[in-house]
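Please read the structure below before turning to the comments.
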Amino acid sequence: MERTRHQGMAKNTYMRWRLPLICLLWEVAMIILFGVFVHFGPEADAHWEEEKHQMNLTSDIENDFYFRYPSFQDVHVMIFVGFGFLMTFLKRYGFGAVGFNFLLAAFGIQWALLMQGWFHSFQNGKILIGVENLINADFCVGSVCIAFGAILGKTSPVQLLIMTLFQVTLFAVNEYILLNLLHVKDAGGSMTIHTFGAYFGLTVTRFLYRPNLEQSKDREGSVYHSDLFAMIGTLYLWMYWPSFNSAISEHGDAQHRAAINTYCSLAACVLTTMAFSSMLQKKGKLDMVHIQNATLAGGVAVGTSAEMMLTPYGSLIVGFICGIVSTVGYVYLTPILESKLHIQDTCGIHNLHGMPGLIGGIVGAITAAAATEDVYGKEGFIKAFDFTGSYKTRTPSVQGGFQAAGIVVSLLMAFAGGTLVGAILKLPIWGDAADENCFEDDIYWEVPEDEESDVYHMHNPDKAASP
Amino acid sequence: MERTRHQGMAKNTYMRWRLPLICLLWEVAMIILFGVFVHFGPEADAHWEEEKHQMNLTSDIENDFYFRYPSFQDVHVMIFVGFGFLMTFLKRYGFGAVGFNFLLAAFGIQWALLMQGWFHSFQNGKILIGVENLINADFCVGSVCIAFGAILGKTSPVQLLIMTLFQVTLFAVNEYILLNLLHVKDAGGSMTIHTFGAYFGLTVTRFLYRPNLEQSKDREGSVYHSDLFAMIGTLYLWMYWPSFNSAISEHGDAQHRAAINTYCSLAACVLTTMAFSSMLQKKGKLDMVHIQNATLAGGVAVGTSAEMMLTPYGSLIVGFICGIVSTVGYVYLTPILESKLHIQDTCGIHNLHGMPGLIGGIVGAITAAAATEDVYGKEGFIKAFDFTGSYKTRTPSVQGGFQAAGIVVSLLMAFAGGTLVGAILKLPIWGDAADENCFEDDIYWEVPEDEESDVYHMHNPDKAASP
Amino acid sequence: MERTRHQGMAKNTYMRWRLPLICLLWEVAMIILFGVFVHFGPEADAHWEEEKHQMNLTSDIENDFYFRYPSFQDVHVMIFVGFGFLMTFLKRYGFGAVGFNFLLAAFGIQWALLMQGWFHSFQNGKILIGVENLINADFCVGSVCIAFGAILGKTSPVQLLIMTLFQVTLFAVNEYILLNLLHVKDAGGSMTIHTFGAYFGLTVTRFLYRPNLEQSKDREGSVYHSDLFAMIGTLYLWMYWPSFNSAISEHGDAQHRAAINTYCSLAACVLTTMAFSSMLQKKGKLDMVHIQNATLAGGVAVGTSAEMMLTPYGSLIVGFICGIVSTVGYVYLTPILESKLHIQDTCGIHNLHGMPGLIGGIVGAITAAAATEDVYGKEGFIKAFDFTGSYKTRTPSVQGGFQAAGIVVSLLMAFAGGTLVGAILKLPIWGDAADENCFEDDIYWEVPEDEESDVYHMHNPDKAASP
């Protein structure tokens, strides 16, 4: 306690007016903007009954809700439980991991509904929303959760909310450039979510470099049960990733295919992760950090191509490679990034989202470039790449080129945006903790005073009495 | 151990004949009643093939199963994992929280299938059940889980089963009055589930007032990891609440709209909860009790109106208000309820379900009263409020009045029912624990003798040897 | 540490070349075989657009994806979180439980896609896969997870992968015999998954009998929080079991009915489990082992009959009986199996999957034999049992006989296969732990050195300094 209070003097982490102010101000802004702009889309509006007649639909089951709601709920679980619990591995930062993730995501989805709405669902001055918008908002926030992983334990909730505001904005711009201007396919977000989110977060954490972070080193690790909590996050991300990659694909075969490809890639990824986790360790033991993270790289890396005719076989290869790349990254690259480039990446998002995201963009470009009418069928080919209207004459190889351009744009946006936000967050007014108080819930949370061991010593009068 | 045994003499908490007797007796009763009454509804019966021809359905996808099963599963998770884990925050009552919730819900859904079946699905002496009945049974049990929150840690499993029997019965009666006699809309159950459940539970706990409960005060709190377990419950309730509020709405736009409104309300609620949790604390730190509970109030409060044209903007406002009301309730109201009114509310259900439930009823009444054909469309208007048959001429403002009446009826039923059940549970024969043994799993559960710390001391020969 | 190192000499548990080798080799084999054989089925292929025209489908919603994907995801959760966390009850084997389950299931689903594909989805030299194949692969792996329960804590990951390879193979053969040659119905797998998986695992563990296992007895138990982690597994299995038993049933009423029957059976099972758990214990306290396991027996036991016209009433009876049988098994049978038959069954799979699986097979045979056109309707009768083609003239009683034969075949396959695999796993080259090191994560995993208690002593300078 002494120590904490001492640091409190060194750095002011007092949140009592800053956090409430920003939360209330921004929520009021959301209410006003929603009031002005956001309306139900036709399939969620009570006029749907009449809409149905006009669209000649005979059944309510044709409502997009029934095509996408189950996937939406899976994605929702990934954002809040998946990312939230994945980050609880730290021994004393479980509240911050789950709680701040909850806070930033809850704000982020509202702001994303607006930003993405203005770009994609804007009609006659109104943003018309439906279940697909909810999924896209969750997706957008996913990229913020990724960036959060890099700065986990080192920032105040106020900094996180500011980062969320900017990152969601930039995400929407980047997404608009890729999907609308470049006409790129990226349903599972290898580029828009993972590459952008990871390199954005890495740039921010580079700006927030803490040379004396080793003062918190004793807390930058796990305990037995915190590793089990983290596995809840891992497994929910892993299991629901097929829903993530298929959630906003075209109805029918595309959603079906995206789920299968992702399932295959993730399965292969687990085996190579386990293999390299054991192989790269002198004693040959498995490392929970790898199992918790690298097993997911296969889902990241088919984010662009899962809805294409990647084939189960191709998916296995992608998963195979990414399990290796990611695990090797945790063992060799992360320490180098910190020592040489001063990038302190708490969760290793470069290994889980950065490199696999890049691979995913490249695999997507190749898969698109290799597409033929023979493989897709005449109608399927046009539908898969939406080669209609002004894109009627685009060829697969040109599409491949644009896909590759999408990777570059995402990277540039991430670096530029990360620089901007990193510089803002570096201002000494946001209440971040001192170097020796990082990875510590006690700074921002009421932590139970009781000692855990106490509970289990109840039957032992000696121990129970001691503290 | 000594202490526990001592109390065992003071109050008889021996369950060996009482618990088995009531479980077996009631389950046999269920079997007999199911045998006499319960049959598959037309969409679950093997005659469905013929039914399809008669109903002119061309596809199996028109079976209600495909409209509602995903929502059903989400609701199911909310009841068993959501409520169960939400209550594991107590340091030594995790088994009781999850286990007794499991027990009472498993019994409750059976009894609810019968009670609700007699009122709503009774044809020619048969109760015909389908997926909608399963959802409604889960809903009904949800109100018991809420009431359980008020008396958590202070009652025996036998008392919980007795309360479940009565509460399910009264729930079904109240629901019948509201939905059938008053023709009130309440798809997400602000009134029938939350208001009724909360004030029922509060009345019961008032009757079971324990003046010396401070003797168990050292156990009426959390430890670090029990707070993380509770967050699993919180997040599953939060994430799946859109399914809860949309599960039994009309097919199509109503389900779609209910999910969107709930998503928005919950998102806003998180921000105001965080704001007030920090603001109301001298040190400005966040309190896990608020994050675990008040963030959910936004879901409760749009339970009635989510399927109406509340609009995303209106939902944000409701969520905004409820996060504040609920957090303020935890800080100021709960202590007063205990000290002045002798209402000991373990989980603070008054803040999470009571007040937000009332707000939800009022918002529903206002939203209904404000409905116009312009906003809903001619057909949509009739469909949304089911203004057909004898309700053909009911106007929105009359509907608003009836909605308001529904709140009053629910409250009266809750007070009357809670009084009855509280009086019964006060009888000294049900095996509840003494005041100094509350919030203690050891009374009703085999608790592992091993000390947790032991496990982690294995590498340290000194410590491992000590106990 | 000393002790562990000492054992390391006695038995070589070094995984550094063995585990990577087998993982990489097998994954490469998977890639090659997938490359040669596995293609998208018509509903996941980009040619679906043309397919739709040919099949005269007017809507994408007719794609099997929308009938089965939600159930698939529930089953997926059961395999990875359900089984994984159910086995975390051991105080020091949480990493192994979740992690090895993850590994074997990720490999198993790939191999199952191939094996089941060759038997059931093979056309013109190609295996055509869709969402139903993914479900079946998960089902197949479920039987391996069951067998894993018997040998939990006593085997190396290499042994588990070898067992998975063989068991998946034999599962597919057994399944082919039952479903195709005997024309048996078993949608929820009472016979193919549970009976086969359990008796296979029990035979294997009989071969791996460790006479000195009591040397690890201090670790063959739970601690408070490990029991709560296990409840996560239990509840997800319990809640999603209706999806499990209905996932591959025919579209429409059969899926609907299977979910209802399973829901009912599981609810009844909870009450009799609680009753007998309390009744069979001198102090009348509930035992977490029973609550974690026996409550699930009702799902196992309606695996064959859930899609038939078992009726909710019949389901309650089955659940009622199985809760009793399973709990009694844990109390009386498991100790006898170990002492008399030398079957060391870590998780008690005989009580959860073995006996309830047999009961499920028998209930299925009886329900089939009792089927009449009156109960099912003329069309429903033919559809329910697929009495078409060469089975056009099969009568219910004959079907009942074949169902019974299916139980016997499954048992024989389990004993024969278990013997083969048990003999292979007994070879002293697979790196299993010595008797005194069983149920210990430290053998195969990097376990955090930090002591849990340390974390919570931070405010207490004396304790924090001590280690």
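Letters A, B, ... go to the chains of the structure tokens in the order shown; residues in each chain start at 1; ligands are counted from 1 in the same order.
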- Task: For B:His47, please output as a list in words all residues within 7 Å (counting only C-alpha atoms; exclusion window: fewer than 5 positions along the same chain).
- Result: Tyr376, Gly377 and Gly380 of chain C
Could you write those residues out with N, CA, C and O atoms, as a PDB file, in the first residue's frame?
ATOM      1  N   TYR C 376     -46.743 -41.597 -35.460  1.00  0.00           N
ATOM      2  CA  TYR C 376     -45.866 -40.794 -36.314  1.00  0.00           C
ATOM      3  C   TYR C 376     -46.577 -40.188 -37.523  1.00  0.00           C
ATOM      4  O   TYR C 376     -46.044 -39.274 -38.150  1.00  0.00           O
ATOM      5  N   GLY C 377     -47.725 -40.696 -37.849  1.00  0.00           N
ATOM      6  CA  GLY C 377     -48.342 -40.333 -39.117  1.00  0.00           C
ATOM      7  C   GLY C 377     -47.684 -41.133 -40.222  1.00  0.00           C
ATOM      8  O   GLY C 377     -46.528 -41.554 -40.100  1.00  0.00           O
ATOM      9  N   GLY C 380     -44.622 -39.337 -41.670  1.00  0.00           N
ATOM     10  CA  GLY C 380     -43.662 -39.124 -40.588  1.00  0.00           C
ATOM     11  C   GLY C 380     -42.974 -40.413 -40.191  1.00  0.00           C
ATOM     12  O   GLY C 380     -41.781 -40.419 -39.867  1.00  0.00           O
TER      13      GLY C 380
END
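Within 6 Å of chain B, and counting only C-alpha atoms, chain C contributes Met1, Val223, Gly252, Asp253, His256, Arg257, Ala267, Leu271, Ala275, Ser278, Met279, Gly284, Lys285, Leu286, Asp287, Tyr313, Tyr376, Gly377, Gly380 and Glu451 of chain C.
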- Name all residues at most 8 Å from A:Met115 (count only C-alpha atoms; drop same-chain ones fewer than 5 positions away) and give them as a ChimeraX atom specification. /A:168-169,172
Keeping only N, CA and C atoms, write the selected residues to a file as a PDB file, in the first residue's frame.
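The result, stored in part26.pdb:
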ATOM      1  N   VAL A 168     -11.396   4.014 -34.172  1.00  0.00           N
ATOM      2  CA  VAL A 168     -12.639   3.684 -34.873  1.00  0.00           C
ATOM      3  C   VAL A 168     -12.806   4.597 -36.089  1.00  0.00           C
ATOM      4  N   THR A 169     -12.506   5.872 -35.900  1.00  0.00           N
ATOM      5  CA  THR A 169     -12.615   6.829 -37.006  1.00  0.00           C
ATOM      6  C   THR A 169     -11.697   6.423 -38.163  1.00  0.00           C
ATOM      7  N   ALA A 172     -12.756   3.267 -39.994  1.00  0.00           N
ATOM      8  CA  ALA A 172     -13.855   3.461 -40.944  1.00  0.00           C
ATOM      9  C   ALA A 172     -13.344   4.082 -42.244  1.00  0.00           C
TER      10      ALA A 172
END
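Restricting the calculation to only C-alpha atoms, the smallest distance between C:Ala294 and any of C:Asn174, C:Asn437, C:Ser326, C:Thr272 is found for C:Ser326.
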- Long-range neighbours of A:Leu337 as a ChimeraX atom specification, 10 Å cut-off, only C-alpha atoms, 6 positions minimum in chain: /A:202,206,329,343-345,350
Residues as selected, C-alpha atoms, written as an mmCIF file, in the first residue's frame, can you do that?
data_model
loop_
_atom_site.group_PDB
_atom_site.id
_atom_site.type_symbol
_atom_site.label_atom_id
_atom_site.label_comp_id
_atom_site.auth_asym_id
_atom_site.auth_seq_id
_atom_site.Cartn_x
_atom_site.Cartn_y
_atom_site.Cartn_z
ATOM 1 C CA LEU A 202 2.334 -1.329 -32.129
ATOM 2 C CA ARG A 206 6.243 2.530 -29.499
ATOM 3 C CA GLY A 329 7.494 -14.762 -33.220
ATOM 4 C CA ILE A 343 8.172 -1.748 -28.941
ATOM 5 C CA GLN A 344 6.715 -3.190 -25.747
ATOM 6 C CA ASP A 345 3.957 -5.501 -26.877
ATOM 7 C CA HIS A 350 2.474 -8.683 -33.577
#
- Write out as a PyMOL selection string each polymer residue whose atoms come within 12 Å of A:Met191, counting only C-alpha atoms; drop sequence neighbours fewer than 2 positions from it. chain A and resi 139-140+143+171+174-175+177-179+184-189+193-200+300-305+353-365+403-414
- Task: Skip B:Cys347 itself and residues of its chain fewer than 4 positions away, then list as a ChimeraX atom specification all residues within 8 Å of it, counting only C-alpha atoms.
- Result: /B:87,149-150,152
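With only C-alpha atoms as the atoms that count, the residue of C:Ala247, C:Thr393, C:Trp238, C:Phe119 with the shortest distance to C:Gly82 is C:Trp238.
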- Query: Which polymer residues have any atom within 12 Å of an atom of C:Phe207, counting only C-alpha atoms, with same-chain residues fewer than 5 positions away left out, as a ChimeraX atom specification?
  - Reply: /C:150-151,200-202,341-345,415,417-427
Mind dumping the selected residues with all heavy atoms as a compact mmCIF listing (two decimals), in the first residue's frame?
# COMPACT_ATOMS: atom_id res chain seq x y z
N ALA C 150 -10.99 -41.04 -19.09
CA ALA C 150 -10.59 -42.20 -18.29
C ALA C 150 -9.10 -42.19 -17.97
O ALA C 150 -8.67 -42.64 -16.91
CB ALA C 150 -10.96 -43.49 -19.03
N ILE C 151 -8.29 -41.68 -18.89
CA ILE C 151 -6.84 -41.74 -18.73
C ILE C 151 -6.26 -40.38 -18.36
O ILE C 151 -5.03 -40.21 -18.33
CB ILE C 151 -6.17 -42.26 -20.03
CG1 ILE C 151 -6.58 -41.40 -21.23
CG2 ILE C 151 -6.55 -43.71 -20.27
CD1 ILE C 151 -5.90 -41.81 -22.51
N PHE C 200 -14.27 -48.04 -24.90
CA PHE C 200 -12.95 -47.95 -25.51
C PHE C 200 -11.96 -47.36 -24.49
O PHE C 200 -10.90 -47.94 -24.23
CB PHE C 200 -13.02 -47.06 -26.76
CG PHE C 200 -11.73 -46.94 -27.51
CD1 PHE C 200 -11.47 -47.75 -28.60
CD2 PHE C 200 -10.77 -46.01 -27.13
CE1 PHE C 200 -10.27 -47.63 -29.30
CE2 PHE C 200 -9.57 -45.89 -27.81
CZ PHE C 200 -9.32 -46.70 -28.89
N GLY C 201 -12.32 -46.25 -23.90
CA GLY C 201 -11.44 -45.59 -22.94
C GLY C 201 -11.18 -46.45 -21.71
O GLY C 201 -10.06 -46.49 -21.19
N LEU C 202 -12.22 -47.14 -21.26
CA LEU C 202 -12.06 -47.99 -20.07
C LEU C 202 -11.13 -49.16 -20.36
O LEU C 202 -10.33 -49.55 -19.50
CB LEU C 202 -13.43 -48.48 -19.60
CG LEU C 202 -14.35 -47.38 -19.04
CD1 LEU C 202 -15.77 -47.90 -18.87
CD2 LEU C 202 -13.81 -46.84 -17.71
N LEU C 341 -11.29 -54.63 -10.70
CA LEU C 341 -11.00 -54.84 -12.12
C LEU C 341 -9.78 -54.05 -12.59
O LEU C 341 -9.44 -54.10 -13.76
CB LEU C 341 -12.23 -54.44 -12.96
CG LEU C 341 -13.52 -55.20 -12.67
CD1 LEU C 341 -14.64 -54.69 -13.57
CD2 LEU C 341 -13.31 -56.69 -12.91
N HIS C 342 -9.18 -53.32 -11.69
CA HIS C 342 -7.99 -52.54 -12.06
C HIS C 342 -8.25 -51.54 -13.18
O HIS C 342 -7.40 -51.31 -14.03
CB HIS C 342 -6.81 -53.47 -12.41
CG HIS C 342 -6.29 -54.20 -11.23
ND1 HIS C 342 -5.23 -55.08 -11.31
CD2 HIS C 342 -6.67 -54.19 -9.93
CE1 HIS C 342 -5.00 -55.58 -10.11
NE2 HIS C 342 -5.85 -55.07 -9.25
N ILE C 343 -9.46 -51.01 -13.16
CA ILE C 343 -9.80 -49.96 -14.12
C ILE C 343 -9.78 -48.62 -13.40
O ILE C 343 -10.65 -48.35 -12.57
CB ILE C 343 -11.19 -50.21 -14.75
CG1 ILE C 343 -11.16 -51.49 -15.57
CG2 ILE C 343 -11.62 -49.02 -15.60
CD1 ILE C 343 -12.51 -51.94 -16.07
N GLN C 344 -8.76 -47.81 -13.69
CA GLN C 344 -8.63 -46.51 -13.05
C GLN C 344 -9.24 -45.45 -13.96
O GLN C 344 -8.67 -45.12 -14.98
CB GLN C 344 -7.15 -46.22 -12.77
CG GLN C 344 -6.58 -47.15 -11.70
CD GLN C 344 -5.08 -47.20 -11.70
OE1 GLN C 344 -4.46 -47.09 -12.76
NE2 GLN C 344 -4.49 -47.38 -10.52
N ASP C 345 -10.39 -44.96 -13.56
CA ASP C 345 -11.21 -44.12 -14.43
C ASP C 345 -11.24 -42.71 -13.84
O ASP C 345 -12.12 -42.36 -13.05
CB ASP C 345 -12.61 -44.76 -14.46
CG ASP C 345 -13.61 -43.99 -15.30
OD1 ASP C 345 -13.21 -42.99 -15.92
OD2 ASP C 345 -14.78 -44.40 -15.33
N PHE C 415 -14.18 -52.82 -27.12
CA PHE C 415 -13.26 -53.71 -26.41
C PHE C 415 -12.09 -54.09 -27.31
O PHE C 415 -10.93 -54.04 -26.90
CB PHE C 415 -13.99 -54.97 -25.93
CG PHE C 415 -15.01 -54.69 -24.86
CD1 PHE C 415 -16.29 -55.22 -24.92
CD2 PHE C 415 -14.68 -53.89 -23.77
CE1 PHE C 415 -17.22 -54.96 -23.92
CE2 PHE C 415 -15.61 -53.61 -22.78
CZ PHE C 415 -16.88 -54.15 -22.85
N GLY C 417 -10.97 -52.55 -30.06
CA GLY C 417 -10.15 -51.37 -30.35
C GLY C 417 -9.36 -50.92 -29.15
O GLY C 417 -8.16 -50.59 -29.25
N GLY C 418 -10.00 -50.92 -27.99
CA GLY C 418 -9.32 -50.52 -26.77
C GLY C 418 -8.15 -51.43 -26.45
O GLY C 418 -7.11 -50.99 -25.96
N THR C 419 -8.34 -52.71 -26.71
CA THR C 419 -7.26 -53.67 -26.48
C THR C 419 -6.06 -53.37 -27.37
O THR C 419 -4.91 -53.29 -26.92
CB THR C 419 -7.77 -55.10 -26.77
OG1 THR C 419 -8.89 -55.35 -25.92
CG2 THR C 419 -6.68 -56.12 -26.52
N LEU C 420 -6.35 -53.18 -28.64
CA LEU C 420 -5.28 -52.85 -29.60
C LEU C 420 -4.55 -51.59 -29.18
O LEU C 420 -3.32 -51.57 -29.06
CB LEU C 420 -5.91 -52.64 -30.99
CG LEU C 420 -4.99 -52.09 -32.07
CD1 LEU C 420 -3.97 -53.13 -32.49
CD2 LEU C 420 -5.80 -51.60 -33.27
N VAL C 421 -5.31 -50.54 -28.92
CA VAL C 421 -4.69 -49.25 -28.59
C VAL C 421 -4.01 -49.29 -27.23
O VAL C 421 -2.90 -48.76 -27.05
CB VAL C 421 -5.74 -48.12 -28.66
CG1 VAL C 421 -5.17 -46.81 -28.14
CG2 VAL C 421 -6.22 -47.95 -30.09
N GLY C 422 -4.64 -49.95 -26.27
CA GLY C 422 -4.03 -50.09 -24.95
C GLY C 422 -2.66 -50.76 -25.04
O GLY C 422 -1.70 -50.33 -24.40
N ALA C 423 -2.59 -51.81 -25.84
CA ALA C 423 -1.33 -52.53 -25.99
C ALA C 423 -0.27 -51.63 -26.62
O ALA C 423 0.90 -51.64 -26.20
CB ALA C 423 -1.55 -53.77 -26.85
N ILE C 424 -0.67 -50.85 -27.61
CA ILE C 424 0.30 -49.94 -28.25
C ILE C 424 0.77 -48.88 -27.26
O ILE C 424 1.97 -48.60 -27.17
CB ILE C 424 -0.35 -49.26 -29.48
CG1 ILE C 424 -0.63 -50.31 -30.57
CG2 ILE C 424 0.55 -48.15 -30.02
CD1 ILE C 424 -1.44 -49.80 -31.73
N LEU C 425 -0.18 -48.32 -26.53
CA LEU C 425 0.18 -47.22 -25.62
C LEU C 425 1.03 -47.70 -24.45
O LEU C 425 1.68 -46.90 -23.78
CB LEU C 425 -1.07 -46.52 -25.10
CG LEU C 425 -1.95 -45.81 -26.12
CD1 LEU C 425 -3.01 -44.96 -25.42
CD2 LEU C 425 -1.12 -44.93 -27.04
N LYS C 426 1.02 -49.00 -24.19
CA LYS C 426 1.80 -49.54 -23.08
C LYS C 426 3.29 -49.58 -23.39
O LYS C 426 4.12 -49.70 -22.48
CB LYS C 426 1.29 -50.95 -22.74
CG LYS C 426 1.11 -51.12 -21.24
CD LYS C 426 0.65 -52.48 -20.83
CE LYS C 426 1.24 -52.83 -19.48
NZ LYS C 426 0.99 -51.80 -18.44
N LEU C 427 3.63 -49.50 -24.67
CA LEU C 427 5.05 -49.47 -25.05
C LEU C 427 5.76 -48.35 -24.28
O LEU C 427 5.21 -47.26 -24.15
CB LEU C 427 5.20 -49.24 -26.56
CG LEU C 427 4.64 -50.34 -27.47
CD1 LEU C 427 4.73 -49.91 -28.92
CD2 LEU C 427 5.38 -51.65 -27.25
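With only C-alpha atoms as the atoms that count, the minimum distance from B:Thr262 to the choices B:Thr295, B:Thr234, B:Ser315, B:Thr372 is reached by B:Ser315.
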- Task: Write down as a PyMOL selection string the residues belonging to stretch 149-331 of chain C that are assigned helix (DSSP H, G or I) by DSSP computed on the backbone.
- Result: chain C and resi 149-151+157-181+190-207+213-219+224-246+253-279+288-301+311-331
- Which of stretch 51-157 of chain C DSSP labels strand (DSSP E or B), written as number ranges by chain: C: 122-123, 126-129
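Going from atom CA of B:Phe67 to atom CA of B:Thr367 covers 25.8 Å.
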- For atom CA of B:Ala306 and atom CA of B:Asn261, determine how far apart the two atoms are, in Å to one decimal place. 5.4 Å
